[in-house]
Amino acid sequence: MTPPPAHSPDHAPGAVPTASDAAPVAVAAAPAGPPPDAEHRRREAQRAAGRAGARKAVAGIGFYTFVSLVLAFFSLPLLWLAVAPFDANPGLSASLPEFTLQNFRVLWDNPYAMRSLGNSVILAGGTGLLVVAFAALAAYALSRVRLPGRDMLLYVLLLLSSIVTGTAAMVPLFNLATELRLIDSQLGVILVLSGGLLPSAIFILKDFMDGTPRSYEESARVFGASPFQIMRDIVVPVVRPGLATIGVWSVAQVWGNFLIPFLLLRSPDQYPAAVVMYTFYTEGGQANLALISTFSLLYSVPVILMFLFVSSRYGFRFHGGIKR
Amino acid sequence: MAAITTDRLTKVYPGGVRALDEIDLTVEDGEFFALLGPSGCGKTTLLRTVAGLEESSGGALRIGDVDVTRTPPGSRDVAMVFQDYALFPHMTVAENVAYPLRIKKVARAKRTEKAAATAGELGLSDYLERRPGQLSGGQQQRVALARAMACHPSVFLFDEPLSNLDARMRLEARTFLKRLQRELGVTTVFVTHDQAEALALADRIAVMESGRIRQLGTPSEVFRRPANTFVASFIGSTPMNLLDGVVRQRGIEVAGELLPTPPEPAGRLVDGEKVVYGIRPEYLLHSPTAVPGSLAGEVRVVENLGHAQLVTLEGPAGFVQLVVDEDTPVALGDRGFAVPRQDRALVYRDGELVTSGDPTGLATAGASGTA
Ligand SMILES: Nc1ncnc2c1ncn2[C@@H]1O[C@H](COP(=O)(O)OP(=O)(O)OP(=O)(O)O)[C@@H](O)[C@H]1O
Ligand SMILES: [Mg+2]
């Protein structure tokens, strides 16, 4: 990697450009004229360097101020999320809390809150497994078998997938689920979500599969490995970072999906967290900020844990042997 | 251990490329056999068809006494080393070497032990726990060999296994491979487009051109008596001079100069017919003064070969190359004369070697592609 330019955000915070950095530039820029004596030239250069340094320092301060503002803009909601659940009376601003765990207690006693997190895990886990399993098989086949119009097929699928789980298909989806008696069933939600996620997953995974040399599999075939053994021993381990990526991505997609479960599920005890989130109101009909913030915190923790776990266990990276 | 026999083996790829055209070939049991030819001539296809990775479009293939034309690759008892070695990047060296045994359902303890032993034979004991990405090219090549050896196949198939190594490693690996093959005595088919490699390693060589075998023979046969002008121009570190000539009573006339007829085809040439006179640069002697029966020309290029120099003369016969020893001074623009060694000259009629029809029939048999 090349060293970052002085003003890039990688630059160590607070590192003010020194005069020596700027000196050569200043000398080069000194006005041409009768050659002044060495002492004079040196002082001139120093002064020029000083001016350039000051300019750089001001620019630096401006830059970091700007970055801090942007950071604050994005981190304040997160701060609120971290603080409000422990506040007895949270408002819409982040403030030092009156520390309490009462909000968690209330949530724990709420019949739907905890169960909804469980439902979310079922939906996300189920969809994740389905998507990874089917996308791996389909991507492998599409990568290895020559089908006429294969790329066309992929692009059309990709295009349609955004419709399947989108708002436009709400009514037909509802009708389809009714016909199939999949209304108010988590299986129905899992199937619909998987259908929506699969094309993109196949598309991404096919790239991973294409990048795996065929000679790996051929070599295993010559040793007598069956197609299943090749898949299990060679293909899956080699594209494991891709599978991990797809899995995490599908789980995150499902975890945050409101529309499909809201559409297809009837009974509140089936609702996932994303749907239950909308049901926290005070008796007065106002959003219950204490419960919402607390629930939001609980709602985000599993996803964060999953990211940490997957990236430490599988790593979103490649094995050393594959040359690309 | 087994011989490989192909009977009019043909492979036509979808799209109509005829990569193998009725190949008849026998690789003897325990033989080190090289497939040599220019790029795209079908060497890899032949190897992959023997391995079973490509299905043949016609003809038959036997390994040992079994017809394996329709047998899946895993049941042919062959092991293949790929050009890129195809080591599994997520397995350690030990796991890679043990993988064929794992497929054969050998118990874990036994296969670990066997893999370690095989890797040890190839000097890989220190690398057992490394992954292929952490090995040098030469070490990777040995892991690939160890993995192929681990399942004790009756046939080894190598597809340019040395081409990823640098020049020095390649020489070492070549010697190593030859010794290993001698010790194991396993029938080996080796694909290369490097003719020096084929000459050095193989017991016999098949020279291929566009899906056909153009000559089959021992390295010295192929080098000394190329059966046709294709092989003649392909084999040898410096290509053979092939000069158009006409048969005369007392010799072969090349560009107005009468060269003595080589002894071998002497009785089989007809006065006045057009032939090609072939002579290797190594078998042309340099003379600074005119000699009867020599090819004259002006020195155009001098290439230093280290131990000798390759001189290109331009004369009435066109360009003629000859090897001159390092002590003879040759300067650009000089006039030089190339005197052929009569016993090493070859005569080709219609692209095929004219032979005395000797009873061993080596050259003729090679020319028609049968063993
Ligand atoms: N999968 C394929 N589909 C269609 N044609 C192919 C395929 N593989 C090879 N060919 C063609 O078959 C011919 C023989 O190819 P092959 O790979 O056997 O050549 P080769 O002798 O191994 O060449 P090289 O020395 O470059 O490896 C070539 O003309 C090639 O274009
Ligand atoms: Mg090849």
# chains A, B, ... in the order shown; residues from 1 in each chain; ligands from 1
>>> interface_residues(of="chain A", to="chain B", cutoff="9 Å", atoms="only C-alpha atoms", output="list in words")
Pro213, Arg214, Ser215, Tyr216, Glu217, Glu218, Ser219, Ala220, Arg221, Val222, Phe223, Gly224, Ala225, Ser226, Gln229, Ile234, Pro237, Val238, His319, Gly320, Gly321 and Ile322 of chain A
>>> residues_around(residues="Asn228 (chain B)", least_positions_apart="3", cutoff="8 Å", atoms="only C-alpha atoms", output="list of chain:residue names")
B:Arg214, B:Gln215, B:Val231, B:Ala232, B:Tyr348, B:Gly351, B:Glu352, B:Leu353, B:Ala367
>>> write_last_selection(atoms="all heavy atoms", output="mmCIF file, in the first residue's frame")
data_model
loop_
_atom_site.group_PDB
_atom_site.id
_atom_site.type_symbol
_atom_site.label_atom_id
_atom_site.label_comp_id
_atom_site.auth_asym_id
_atom_site.auth_seq_id
_atom_site.Cartn_x
_atom_site.Cartn_y
_atom_site.Cartn_z
ATOM 1 N N ARG B 214 2.843 -38.524 -35.387
ATOM 2 C CA ARG B 214 3.670 -38.436 -36.578
ATOM 3 C C ARG B 214 4.889 -39.328 -36.492
ATOM 4 O O ARG B 214 5.450 -39.721 -37.492
ATOM 5 C CB ARG B 214 4.096 -36.985 -36.828
ATOM 6 C CG ARG B 214 2.969 -36.032 -37.076
ATOM 7 C CD ARG B 214 2.086 -36.486 -38.234
ATOM 8 N NE ARG B 214 2.798 -36.715 -39.473
ATOM 9 C CZ ARG B 214 3.038 -35.787 -40.395
ATOM 10 N NH1 ARG B 214 2.597 -34.562 -40.222
ATOM 11 N NH2 ARG B 214 3.686 -36.081 -41.484
ATOM 12 N N GLN B 215 5.358 -39.602 -35.289
ATOM 13 C CA GLN B 215 6.452 -40.554 -35.153
ATOM 14 C C GLN B 215 6.468 -41.113 -33.756
ATOM 15 O O GLN B 215 6.119 -40.429 -32.792
ATOM 16 C CB GLN B 215 7.806 -39.898 -35.452
ATOM 17 C CG GLN B 215 8.940 -40.920 -35.392
ATOM 18 C CD GLN B 215 10.265 -40.393 -35.914
ATOM 19 O OE1 GLN B 215 10.393 -39.203 -36.177
ATOM 20 N NE2 GLN B 215 11.232 -41.277 -36.047
ATOM 21 N N VAL B 231 8.471 -33.737 -37.976
ATOM 22 C CA VAL B 231 9.252 -34.115 -36.805
ATOM 23 C C VAL B 231 10.658 -33.536 -36.917
ATOM 24 O O VAL B 231 11.235 -33.052 -35.939
ATOM 25 C CB VAL B 231 9.281 -35.646 -36.651
ATOM 26 C CG1 VAL B 231 10.135 -36.052 -35.468
ATOM 27 C CG2 VAL B 231 7.873 -36.188 -36.498
ATOM 28 N N ALA B 232 11.212 -33.584 -38.140
ATOM 29 C CA ALA B 232 12.569 -33.066 -38.341
ATOM 30 C C ALA B 232 12.665 -31.613 -37.918
ATOM 31 O O ALA B 232 13.633 -31.200 -37.270
ATOM 32 C CB ALA B 232 12.962 -33.215 -39.807
ATOM 33 N N TYR B 348 14.152 -36.647 -47.680
ATOM 34 C CA TYR B 348 12.693 -36.761 -47.542
ATOM 35 C C TYR B 348 12.041 -36.633 -48.906
ATOM 36 O O TYR B 348 12.388 -35.742 -49.683
ATOM 37 C CB TYR B 348 12.163 -35.668 -46.610
ATOM 38 C CG TYR B 348 12.642 -35.845 -45.196
ATOM 39 C CD1 TYR B 348 13.797 -35.212 -44.755
ATOM 40 C CD2 TYR B 348 11.936 -36.650 -44.315
ATOM 41 C CE1 TYR B 348 14.244 -35.387 -43.469
ATOM 42 C CE2 TYR B 348 12.377 -36.825 -43.023
ATOM 43 C CZ TYR B 348 13.525 -36.197 -42.603
ATOM 44 O OH TYR B 348 13.972 -36.376 -41.331
ATOM 45 N N GLY B 351 7.716 -35.273 -47.975
ATOM 46 C CA GLY B 351 7.632 -35.052 -46.534
ATOM 47 C C GLY B 351 7.958 -36.262 -45.686
ATOM 48 O O GLY B 351 8.050 -36.149 -44.474
ATOM 49 N N GLU B 352 8.116 -37.446 -46.306
ATOM 50 C CA GLU B 352 8.423 -38.638 -45.516
ATOM 51 C C GLU B 352 9.866 -39.059 -45.749
ATOM 52 O O GLU B 352 10.410 -38.888 -46.836
ATOM 53 C CB GLU B 352 7.500 -39.800 -45.916
ATOM 54 C CG GLU B 352 6.027 -39.537 -45.693
ATOM 55 C CD GLU B 352 5.661 -39.396 -44.221
ATOM 56 O OE1 GLU B 352 6.278 -40.080 -43.379
ATOM 57 O OE2 GLU B 352 4.779 -38.565 -43.913
ATOM 58 N N LEU B 353 10.479 -39.651 -44.710
ATOM 59 C CA LEU B 353 11.866 -40.071 -44.790
ATOM 60 C C LEU B 353 12.016 -41.209 -45.798
ATOM 61 O O LEU B 353 11.230 -42.159 -45.813
ATOM 62 C CB LEU B 353 12.327 -40.542 -43.410
ATOM 63 C CG LEU B 353 13.787 -40.919 -43.273
ATOM 64 C CD1 LEU B 353 14.684 -39.700 -43.470
ATOM 65 C CD2 LEU B 353 14.049 -41.533 -41.906
ATOM 66 N N ALA B 367 6.190 -43.685 -38.902
ATOM 67 C CA ALA B 367 5.522 -42.744 -39.792
ATOM 68 C C ALA B 367 4.035 -43.028 -39.889
ATOM 69 O O ALA B 367 3.226 -42.114 -39.964
ATOM 70 C CB ALA B 367 6.156 -42.821 -41.175
#
>>> residues_near_ligand(ligand="ligand 2", cutoff="9 Å", atoms="only C-alpha atoms and all ligand atoms", output="VMD selection string")
chain B and resid 39 to 45 47 83 159 to 160 191 to 193
>>> residues_around(residues="Glu282 (chain B)", least_positions_apart="3", cutoff="12 Å", atoms="only C-alpha atoms", output="PyMOL selection string")
chain B and resi 223-224+236-241+278-279+285-286+308-311+320-325+338-341+344-345
>>> atom_distance(atom1="CA of Arg70 (chain B)", atom2="CA of Glu28 (chain B)")
21.4 Å
>>> residues_around(residues="Met114 (chain A)", least_positions_apart="5", cutoff="12 Å", atoms="only C-alpha atoms", output="PyMOL selection string")
chain A and resi 104-109+119-121+269-273+276-277+294-295+298-299
>>> write_last_selection(atoms="C-alpha atoms", output="mmCIF file, in the first residue's frame")
data_model
loop_
_atom_site.group_PDB
_atom_site.id
_atom_site.type_symbol
_atom_site.label_atom_id
_atom_site.label_comp_id
_atom_site.auth_asym_id
_atom_site.auth_seq_id
_atom_site.Cartn_x
_atom_site.Cartn_y
_atom_site.Cartn_z
ATOM 1 C CA PHE A 104 -35.412 -4.886 30.425
ATOM 2 C CA ARG A 105 -37.591 -6.287 33.180
ATOM 3 C CA VAL A 106 -40.756 -4.969 31.483
ATOM 4 C CA LEU A 107 -39.658 -6.365 28.170
ATOM 5 C CA TRP A 108 -38.892 -9.725 29.732
ATOM 6 C CA ASP A 109 -42.446 -9.899 31.036
ATOM 7 C CA ASN A 119 -39.243 -16.266 15.834
ATOM 8 C CA SER A 120 -36.741 -14.016 14.120
ATOM 9 C CA VAL A 121 -34.024 -16.558 14.774
ATOM 10 C CA ASP A 269 -47.155 -15.075 18.685
ATOM 11 C CA GLN A 270 -45.654 -15.905 15.271
ATOM 12 C CA TYR A 271 -44.375 -12.399 14.615
ATOM 13 C CA PRO A 272 -40.641 -11.841 14.324
ATOM 14 C CA ALA A 273 -38.933 -8.975 16.129
ATOM 15 C CA VAL A 276 -43.275 -6.699 17.020
ATOM 16 C CA MET A 277 -41.169 -3.559 17.126
ATOM 17 C CA THR A 294 -34.556 -1.488 24.836
ATOM 18 C CA PHE A 295 -36.015 -3.838 22.276
ATOM 19 C CA LEU A 298 -31.762 -6.597 22.032
ATOM 20 C CA TYR A 299 -32.726 -6.744 18.376
#
>>> select_by_dssp(residues="region 206-310 of chain B", states="alpha helix (DSSP H)", output="ChimeraX atom specification")
/B:219-224,229-234
>>> atom_distance(atom1="CA of Val347 (chain B)", atom2="CA of Ser294 (chain B)")
16.3 Å
>>> atom_distance(atom1="CA of Thr245 (chain A)", atom2="CA of Gly196 (chain A)")
16.8 Å
